Structure formats: C-alpha cells, structure tokens
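Student: I'm passing along my_file-v7.txt; it holds compact mmCIF, C-alpha atoms.
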# COMPACT_ATOMS: atom_id res chain seq x y z
CA ARG A 1 14.73 1.39 -11.67
CA GLY A 2 15.51 -2.08 -10.41
CA TYR A 3 13.32 -4.80 -8.93
CA MET A 4 9.67 -4.06 -8.15
CA PRO A 5 7.96 -6.82 -6.11
CA MET A 6 4.28 -7.70 -6.18
CA GLY A 7 2.14 -5.01 -4.63
CA VAL A 8 4.41 -2.04 -5.35
CA GLU A 9 2.92 -0.80 -8.61
CA ASN A 10 -0.70 0.18 -9.20
CA THR A 11 -2.93 1.22 -12.09
CA GLU A 12 -6.08 3.29 -11.60
CA GLY A 13 -5.49 3.04 -7.85
CA LYS A 14 -5.62 -0.78 -7.85
CA THR A 15 -2.62 -2.99 -7.14
CA ASP A 16 -1.11 -4.69 -10.19
CA GLY A 17 -0.73 -8.46 -10.13
CA ARG A 18 2.85 -8.54 -11.38
CA GLU A 19 6.49 -8.22 -10.41
CA GLN A 20 9.18 -6.76 -12.61
CA ILE A 21 12.65 -5.37 -13.18
CA GLU A 22 12.79 -1.89 -14.69
CA TYR A 23 15.62 -0.35 -16.71
CA ALA A 24 15.90 2.91 -18.66
CA ALA A 25 18.31 5.01 -20.70
CA GLU A 26 21.64 5.65 -18.99
CA TYR A 27 23.14 9.13 -18.90
CA ASP A 28 26.88 9.58 -18.46
CA GLY A 29 28.37 12.75 -17.00
CA LYS A 30 28.10 14.59 -20.31
CA TRP A 31 24.31 14.36 -20.38
CA LYS A 32 23.22 13.72 -16.79
CA ASN A 33 22.98 17.41 -15.82
CA SER A 34 22.49 19.02 -19.21
CA ASN A 35 19.40 20.40 -20.87
CA SER A 36 19.14 19.31 -24.48
CA ASN A 37 16.14 21.46 -25.36
CA HIS A 38 17.09 23.80 -28.15
CA ASN A 39 15.74 26.93 -26.50
CA GLU A 40 15.98 26.39 -22.75
CA ARG A 41 18.79 26.18 -20.21
CA GLU A 42 17.07 25.68 -16.84
CA GLN A 43 16.90 22.37 -15.04
CA HIS A 44 13.58 20.62 -14.55
CA PHE A 45 12.21 18.23 -11.92
CA TYR A 46 11.98 15.42 -14.48
CA HIS A 47 15.76 15.50 -14.93
CA ARG A 48 15.75 13.21 -11.89
CA LEU A 49 14.90 10.51 -14.41
CA ARG A 50 18.43 10.83 -15.78
CA VAL A 51 20.41 8.14 -14.02
CA ALA A 52 24.05 7.36 -14.79
CA GLU A 53 23.70 3.59 -14.56
CA ASN A 54 21.01 0.98 -14.09
CA PRO A 55 21.28 -1.38 -11.09
CA TRP A 56 22.66 -4.32 -13.04
CA PRO A 57 23.17 -7.66 -11.21
CA ASP A 58 26.67 -8.07 -12.66
CA LYS A 59 28.02 -10.10 -9.73
CA VAL A 60 25.33 -12.77 -9.86
CA GLN A 61 24.23 -12.61 -13.51
CA PRO A 62 26.93 -10.90 -15.59
CA SER A 63 25.33 -11.88 -18.90
CA LEU A 64 22.15 -9.85 -18.29
CA ARG A 65 23.57 -6.37 -18.97
CA PRO A 66 25.05 -7.13 -22.42
CA ALA A 67 21.98 -9.16 -23.39
CA ILE A 68 19.57 -6.37 -22.45
CA ASN A 69 21.68 -3.67 -24.11
CA GLU A 70 21.86 -5.67 -27.34
CA TYR A 71 18.13 -6.28 -27.22
CA ILE A 72 17.37 -2.60 -26.57
CA ASP A 73 19.53 -1.49 -29.51
CA GLY A 74 17.63 -3.82 -31.81
CA VAL A 75 14.16 -2.84 -30.58
CA LEU A 76 14.94 0.88 -30.70
CA SER A 77 16.07 0.45 -34.30
CA ILE A 78 12.69 -1.15 -35.06
CA GLY A 79 11.04 1.77 -33.27
CA ASP A 80 12.86 4.20 -35.56
CA LYS A 81 11.51 2.37 -38.61
CA LEU A 82 7.97 2.29 -37.24
CA ARG A 83 8.16 6.00 -36.40
CA ASP A 84 9.33 6.80 -39.93
CA ALA A 85 6.58 4.64 -41.44
CA LEU A 86 3.94 6.48 -39.41
CA CYS A 87 5.42 9.77 -40.60
CA VAL A 88 5.23 8.71 -44.25
CA GLY A 89 1.64 7.59 -43.76
CA MET A 90 0.76 11.09 -42.53
CA GLY A 91 2.67 12.89 -45.27
CA ILE A 92 5.69 13.81 -43.14
CA ASP A 93 9.20 13.35 -44.50
CA PRO A 94 11.08 11.61 -41.63
CA LYS A 95 14.24 13.47 -42.68
CA HIS A 96 12.55 16.68 -41.56
CA LEU A 97 12.18 15.56 -37.94
CA PRO A 98 14.22 18.02 -35.82
CA ASP A 99 17.57 16.78 -34.53
CA TYR A 100 16.59 17.73 -30.98
CA MET A 101 13.52 15.44 -31.10
CA PHE A 102 15.06 11.98 -31.61
CA ARG A 103 18.61 10.74 -31.52
CA LYS A 104 19.53 10.15 -35.15
CA ILE A 105 22.88 8.39 -34.76
CA PRO A 106 23.57 5.64 -32.19
CA GLY A 107 26.52 6.22 -29.89
CA ASN A 108 27.68 8.55 -27.14
CA GLU A 109 27.96 11.70 -29.26
CA GLN A 110 24.24 12.38 -28.97
CA GLU A 111 21.97 12.31 -25.96
CA PRO A 112 19.99 9.06 -25.91
CA ASN A 113 16.28 8.87 -26.46
CA PHE A 114 14.51 8.39 -23.13
CA TRP A 115 13.66 4.72 -23.50
CA SER A 116 12.63 2.44 -20.67
CA MET A 117 11.79 -1.24 -20.42
CA LYS A 118 10.35 -3.80 -18.04
CA LEU A 119 11.05 -7.48 -17.53
CA VAL A 120 7.63 -8.49 -16.24
CA SER A 121 6.39 -11.68 -14.61
CA TYR A 122 2.64 -12.18 -14.21
CA PRO A 123 2.12 -15.05 -11.77
CA PRO A 124 -1.25 -16.80 -11.72
CA PRO A 125 -3.65 -16.01 -8.88
CA ALA A 126 -3.08 -17.90 -5.65
CA LYS A 127 -5.28 -20.92 -5.02
CA THR A 128 -6.78 -22.38 -1.86
CA SER A 129 -6.64 -26.02 -0.80
CA THR A 130 -9.98 -26.52 -2.55
CA ASN A 131 -8.41 -25.23 -5.77
CA ASP A 132 -10.65 -22.15 -5.85
CA THR A 133 -9.05 -19.05 -7.31
CA VAL A 134 -8.34 -16.35 -4.73
CA SER A 135 -7.12 -12.96 -5.88
CA ASP A 136 -7.36 -9.35 -4.76
CA THR A 137 -7.43 -8.35 -8.42
CA GLU A 138 -8.35 -10.00 -11.68
CA TYR A 139 -5.85 -7.86 -13.55
CA GLY A 140 -2.13 -8.14 -14.00
CA VAL A 141 -2.41 -4.47 -14.90
CA GLY A 142 -5.60 -2.44 -15.26
CA ALA A 143 -6.85 -0.42 -18.21
CA HIS A 144 -4.53 2.39 -19.26
CA ALA A 145 -2.72 3.95 -22.19
CA ASP A 146 1.05 4.40 -22.23
CA SER A 147 2.53 7.88 -21.81
CA ASN A 148 5.39 7.38 -24.28
CA PHE A 149 5.53 7.42 -28.11
CA LEU A 150 5.44 3.71 -29.04
CA THR A 151 5.51 0.54 -26.96
CA MET A 152 6.95 -2.66 -28.41
CA ILE A 153 6.19 -5.84 -26.51
CA LEU A 154 7.85 -9.23 -26.66
CA GLN A 155 5.48 -11.56 -24.84
CA ASP A 156 5.18 -15.17 -23.83
CA ASP A 157 4.57 -17.55 -26.74
CA GLN A 158 2.38 -19.84 -24.65
CA THR A 159 0.30 -17.59 -22.39
CA SER A 160 -1.20 -14.19 -23.04
CA GLY A 161 -3.80 -12.18 -21.14
CA LEU A 162 -3.04 -8.93 -22.95
CA GLN A 163 -6.16 -7.19 -24.25
CA VAL A 164 -6.57 -4.05 -26.36
CA GLN A 165 -9.72 -2.02 -26.80
CA THR A 166 -11.34 -1.26 -30.12
CA ILE A 167 -12.83 2.12 -30.97
CA ASP A 168 -16.23 0.56 -30.23
CA GLY A 169 -15.21 -0.15 -26.64
CA GLU A 170 -14.80 -3.92 -27.06
CA TRP A 171 -11.86 -5.59 -25.29
CA ILE A 172 -10.22 -8.14 -27.59
CA ASP A 173 -7.55 -10.72 -26.76
CA VAL A 174 -4.04 -10.49 -28.14
CA PRO A 175 -3.02 -14.13 -28.71
CA PRO A 176 0.35 -15.51 -27.64
CA THR A 177 3.03 -14.58 -30.16
CA PRO A 178 6.32 -16.24 -31.16
CA ALA A 179 9.70 -14.78 -30.28
CA ASN A 180 10.10 -13.13 -33.70
CA VAL A 181 6.97 -10.98 -33.26
CA LEU A 182 6.66 -7.67 -31.43
CA ILE A 183 3.29 -6.21 -30.47
CA CYS A 184 3.15 -2.43 -30.91
CA ASN A 185 0.90 -0.06 -28.98
CA ILE A 186 0.62 3.64 -29.78
CA GLY A 187 1.34 6.00 -26.89
CA GLU A 188 0.15 9.43 -25.83
CA LEU A 189 3.10 11.28 -27.36
CA ALA A 190 2.32 9.80 -30.78
CA GLN A 191 -1.26 10.97 -30.34
CA ILE A 192 0.00 14.51 -29.72
CA PHE A 193 2.50 14.25 -32.58
CA SER A 194 -0.30 13.30 -35.01
CA GLY A 195 -2.80 15.88 -33.79
CA GLY A 196 -5.10 13.08 -32.63
CA TYR A 197 -4.99 11.19 -35.94
CA LEU A 198 -3.29 8.34 -34.07
CA MET A 199 -4.88 7.38 -30.76
CA ALA A 200 -3.06 6.02 -27.72
CA THR A 201 -4.01 2.34 -27.41
CA PRO A 202 -6.07 1.44 -24.32
CA HIS A 203 -4.93 -1.94 -23.05
CA ARG A 204 -4.90 -4.15 -19.96
CA VAL A 205 -3.61 -7.55 -18.85
CA LEU A 206 -5.81 -10.20 -17.23
CA ARG A 207 -4.27 -12.47 -14.60
CA PRO A 208 -3.17 -15.60 -16.48
CA GLN A 209 -3.93 -19.14 -15.37
CA ASN A 210 -0.24 -19.91 -15.94
CA SER A 211 2.78 -17.67 -15.40
CA ARG A 212 3.37 -15.15 -18.18
CA ILE A 213 6.51 -13.25 -19.15
CA SER A 214 6.45 -9.93 -21.02
CA LEU A 215 9.21 -7.52 -22.10
CA PRO A 216 7.73 -4.13 -23.06
CA VAL A 217 10.11 -1.48 -24.39
CA PHE A 218 8.87 2.11 -24.21
CA TYR A 219 10.20 4.13 -27.14
CA ASN A 220 10.49 7.88 -26.64
CA PRO A 221 12.07 11.07 -27.98
CA LYS A 222 14.74 12.81 -25.94
CA LEU A 223 13.74 13.67 -22.39
CA ASP A 224 13.67 17.46 -22.86
CA HIS A 225 11.68 17.48 -26.06
CA VAL A 226 8.24 19.09 -26.05
CA MET A 227 6.02 17.26 -28.53
CA GLU A 228 3.71 19.23 -30.79
CA SER A 229 1.49 18.19 -33.68
CA MET A 230 3.42 18.04 -36.93
CA VAL A 231 0.38 17.49 -39.13
CA ASN A 232 -2.94 19.13 -39.84
CA PRO A 233 -5.43 16.32 -39.12
CA GLU A 234 -8.02 17.99 -41.35
CA GLU A 235 -5.80 17.27 -44.34
CA LEU A 236 -5.68 13.52 -43.59
CA THR A 237 -8.19 10.87 -44.59
CA TRP A 238 -10.10 9.74 -41.52
CA ASN A 239 -11.62 6.28 -41.27
CA ARG A 240 -12.53 6.62 -37.59
CA LYS A 241 -16.17 7.68 -37.36
CA GLY A 242 -16.21 7.90 -33.59
CA GLN A 243 -14.90 6.14 -30.54
CA ASN A 244 -16.07 4.69 -27.27
CA GLN A 245 -12.76 3.75 -25.71
CA TRP A 246 -11.53 3.80 -22.14
CA LEU A 247 -10.27 7.23 -21.19
CA ARG A 248 -8.96 8.51 -17.89
CA LYS A 249 -11.08 11.63 -17.49
CA GLU A 250 -8.58 13.57 -15.39
CA ASN A 251 -5.62 12.57 -17.53
CA ALA A 252 -3.69 15.49 -19.02
CA LEU A 253 -1.74 14.85 -22.22
CA MET A 254 1.54 16.67 -21.72
CA GLY A 255 3.69 17.39 -24.74
CA SER A 256 6.79 17.50 -22.57
CA VAL A 257 8.42 14.06 -22.77
CA GLY A 258 9.87 14.50 -19.29
CA GLU A 259 6.63 15.70 -17.68
CA ASN A 260 4.46 13.04 -19.31
CA SER A 261 6.93 10.32 -18.30
CA PHE A 262 7.13 11.62 -14.74
CA LYS A 263 3.32 11.77 -14.57
CA SER A 264 3.07 8.09 -15.38
CA LEU A 265 5.73 7.04 -12.87
CA ALA A 266 4.24 9.18 -10.10
CA ARG A 267 0.85 7.54 -10.54
CA SER A 268 2.01 3.96 -10.67
CA HIS A 269 4.90 3.98 -8.15
CA ALA A 270 3.44 5.76 -5.14
CA GLU A 271 5.77 4.19 -2.57
CA VAL A 272 8.86 4.89 -4.68
CA PHE A 273 7.91 8.53 -5.05
CA LYS A 274 7.13 8.86 -1.35
CA ARG A 275 10.62 7.58 -0.57
CA HIS A 276 12.66 9.42 -3.20
CA HIS A 277 10.59 12.44 -4.28
CA GLU A 278 8.77 13.49 -1.15
CA ASP A 279 9.50 17.16 -1.94
CA LEU A 280 7.32 17.12 -5.05
Let me see the structure of the file written as structure tokens.
Tutor:
Amino acid sequence: RGYMPMGVENTEGKTDGREQIEYAAEYDGKWKNSNSNHNEREQHFYHRLRVAENPWPDKVQPSLRPAINEYIDGVLSIGDKLRDALCVGMGIDPKHLPDYMFRKIPGNEQEPNFWSMKLVSYPPPAKTSTNDTVSDTEYGVGAHADSNFLTMILQDDQTSGLQVQTIDGEWIDVPPTPANVLICNIGELAQIFSGGYLMATPHRVLRPQNSRISLPVFYNPKLDHVMESMVNPEELTWNRKGQNQWLRKENALMGSVGENSFKSLARSHAEVFKRHHEDL
C-alpha cells in the first residue's frame, strides 16, 4: 500500500510504465487477526494483507481520505449490483449467496470485502532532443487478467491506451470515457464462480502519447472465502464457440480469495515482497 514509483511494478517480468498510489480495505482490531471462514480457525500467510489503516497523506492533503472512501463506497455498491446481475443471468438467486462470501450490510459489524484500488498515472514515453520516442517498454502494463472478482475502472476522458482482447485473440481499443462511465473487467474469481461460463478479461495498457489517469477498483469477496462454482455450466446457453485469448500458461486459478490476491501481488511487486515477505 502507498506510493509505487516508476519501475517498481512489473507484469510478465517486464517493468510497467506507470506510477501509482495503492489502497485497500482497512481492518480494525476486531477483524485484523480473525479468520472469517466458516469452517476454519487457523491463520494464513495471506492475512498479512489485512492492514489496520492505509498510509493516508492527511497532513498534506486531508481531503484525499474522505474523497477516496466516499468513492469506494459508491463503486462497491455498483459492484454489488453487477454481481447480482451476473447471478441472475446464470440462474442464481443473489439472496442465496452465503453470508460468509460477501459483506451484505455496509458498516463495521461485518468484515469488509477485500477490495483494493489504484490511483494510476501513465506518463508518456520520454523523448530525445530530436523528438524521437525512447522507451524501455511500449506498455503501461502488459497483458494480464485480474485475480479478483470484478474490476471497475474510471479512466481519463481524453486519453486511453487500454485494450481488451476478444475471444478471437484480437486486441481492441477501449476509447476514452466520460466521468460517469465505469469500464468493467471480469476477474479470475468470477471465472471460478461461474464454472468457466464467464472468462477473466485479458487486457493491457499501451503507453499513451499524453499523460493518462486511471482509477481501477478491484472488487472481491471476503479475504478468507474460498470460491467454488455455483452453477453447472452445462445447463447454461453457451455462445462462445472457442477462444484464442492470451493465457499465462503457468497461472494457477486459486479459489482462495487470499491466496489468489497474494499470488498477484507477489508477481507484480517483487521488491516489496523481498523487503517485507522475505520468509515466504
């Protein structure tokens, strides 16, 4: 959590061309050391992701914390509605989702869903005195799929660079979008939840010619939940005849929210994990 300068994060082993501030769900003393799974009591390595408080810059920018918290509450509410709509589309009554999967009621009486977010800046590639583009990477972030359930992105309304991949393997541009539009990508946990009926969205970001701002919010169940398929895909109508999308061959889809989240962070933040999790 906190500020990540250029060169710290990587995707597919290549340095990302972006800088960002990262925040995630806060856990007070009641939840920080607990295990919310309905049938387990032991502690797990991924409980390190439970942090009591984000590193807010209250002394220099006191308005940021309340603004981000208000924004998160609104986006998570939209995530709840999208989740329920996906359930209905697959014949699942959202009311039947287990209480230990998602937080049903906002507030401190229930453990929060393990959300995270980034405030991302994609600067344009550096240029030489002859105005030729010089860059160690053409990507702000390389091809990948998100490890969470749903990702909702508020992006720059003037500059994009975000691309998603079709089932035929074609990369298509996502145009700039106004401030009242969120882009939604499906994550790996939704793929598990749907038994593969929904597919995690491969996407990437090209380095923009002008600076680009993006605010992705990663919507998740509770940290201790272990996701399983809640549908029989054979009973659903399939329109997907086949696919030729980017896939990370050695990628393991983990139903554990905590393990799948930790997997993603360990891959992309090598220096952070070397400093803080050298024992793993």
Student: Pick out the residues sitting within 12 Å of His96 in chain A, and hand them over as a PDB file with C-alpha atoms, keeping the file's coordinate frame; count all atoms listed in the file, and ignore anything fewer than 6 positions along from it in its own chain.
Tutor:
ATOM      1  CA  ASP A  84       9.330   6.800 -39.930  1.00  0.00           C
ATOM      2  CA  CYS A  87       5.420   9.770 -40.600  1.00  0.00           C
ATOM      3  CA  VAL A  88       5.230   8.710 -44.250  1.00  0.00           C
ATOM      4  CA  PHE A 102      15.060  11.980 -31.610  1.00  0.00           C
ATOM      5  CA  LYS A 104      19.530  10.150 -35.150  1.00  0.00           C
ATOM      6  CA  MET A 230       3.420  18.040 -36.930  1.00  0.00           C
TER       7      MET A 230
END
Student: One decimal, in Å: what's the spacing between CA of Arg275 in chain A and CA of Val60 in chain A?
Tutor: 26.8 Å
Student: Counting only C-alpha atoms, which of A:Asn220, A:Thr11, A:Thr151, A:Gln61 gets nearest to Gly258 in chain A?
Tutor: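 Among the listed residues, the smallest separation from Gly258 in chain A belongs to A:Asn220.
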Student: What does the distance from CA of Ser256 in chain A to CA of Leu223 in chain A come to in Å, to one decimal?
Tutor: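 A separation of 7.9 Å between them.
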Student: For CA of Val120 in chain A and CA of Glu53 in chain A, determine how far apart the two atoms are, in Å to one decimal place.
Tutor: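 If I compute the distance from CA of Val120 in chain A to CA of Glu53 in chain A, I get 20.2 Å.
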Student: Using all atoms listed in the file, find each residue of range 176-228 of chain A with at least one atom at most 12 Å away from an atom of range 162-169 of chain A; report its shortest atom-to-atom pair and that distance in Å (one decimal), sort the rows by chain and rising residue number, and return the result as CSV.
Tutor:
residue,atom,partner,partner_atom,distance
A:Pro176,CA,A:Leu162,CA,8.8
A:Thr177,CA,A:Leu162,CA,11.0
A:Ile183,CA,A:Leu162,CA,10.2
A:Cys184,CA,A:Val164,CA,10.9
A:Asn185,CA,A:Val164,CA,8.9
A:Ile186,CA,A:Val164,CA,11.1
A:Leu198,CA,A:Ile167,CA,11.8
A:Met199,CA,A:Ile167,CA,9.5
A:Ala200,CA,A:Gln165,CA,10.5
A:Thr201,CA,A:Val164,CA,7.0
A:Pro202,CA,A:Gln165,CA,5.6
A:His203,CA,A:Val164,CA,4.3
A:Arg204,CA,A:Gln163,CA,5.4
A:Val205,CA,A:Leu162,CA,4.4
A:Leu206,CA,A:Leu162,CA,6.5
A:Arg207,CA,A:Leu162,CA,9.2
A:Pro208,CA,A:Leu162,CA,9.3
A:Arg212,CA,A:Leu162,CA,10.1
A:Ile213,CA,A:Leu162,CA,11.1
A:Ser214,CA,A:Leu162,CA,9.7
A:Pro216,CA,A:Leu162,CA,11.8
Student: Excluding Arg18 in chain A and any residue of its chain fewer than 3 positions from it, enumerate the residues within 10 Å of it, using all atoms listed in the file, and give them as a PyMOL selection string.
Tutor: chain A and resi 4-10+15+120-124+139-141+205+207+211-213
Student: So, with all atoms listed in the file as the atoms that count, which of A:Met117, A:Glu271, A:Asn54, A:Tyr197 lies closest to Asp28 in chain A?
Tutor: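 Looking at the shortest contact to Asp28 in chain A, the residue is A:Asn54.
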Student: Using all atoms listed in the file, find the one residue out of A:Leu182, A:Gly17, A:Asp157, A:His44 that sits nearest to Val257 in chain A.
Tutor: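 Once distances to Val257 in chain A are computed over all atoms listed in the file, the minimum belongs to A:His44.
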Student: When you look at Gly91 in chain A with a cut-off of 9 Å (counting all atoms listed in the file), what residues show up, excluding the ones that are within fewer than 5 positions of it in the same chain? I need them as a list in words.
Tutor: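 Skipping anything fewer than 5 positions along the chain leaves Leu86, Val231 and Leu236 of chain A.
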Student: Which polymer residues have any atom within 12 Å of an atom of Phe218 in chain A, counting only C-alpha atoms, with same-chain residues fewer than 2 positions away left out, as an MDAnalysis selection string?
Tutor: chainID A and resid 22:25 72 75:76 78:79 113:119 145:154 183:189 215:216 220:221 261
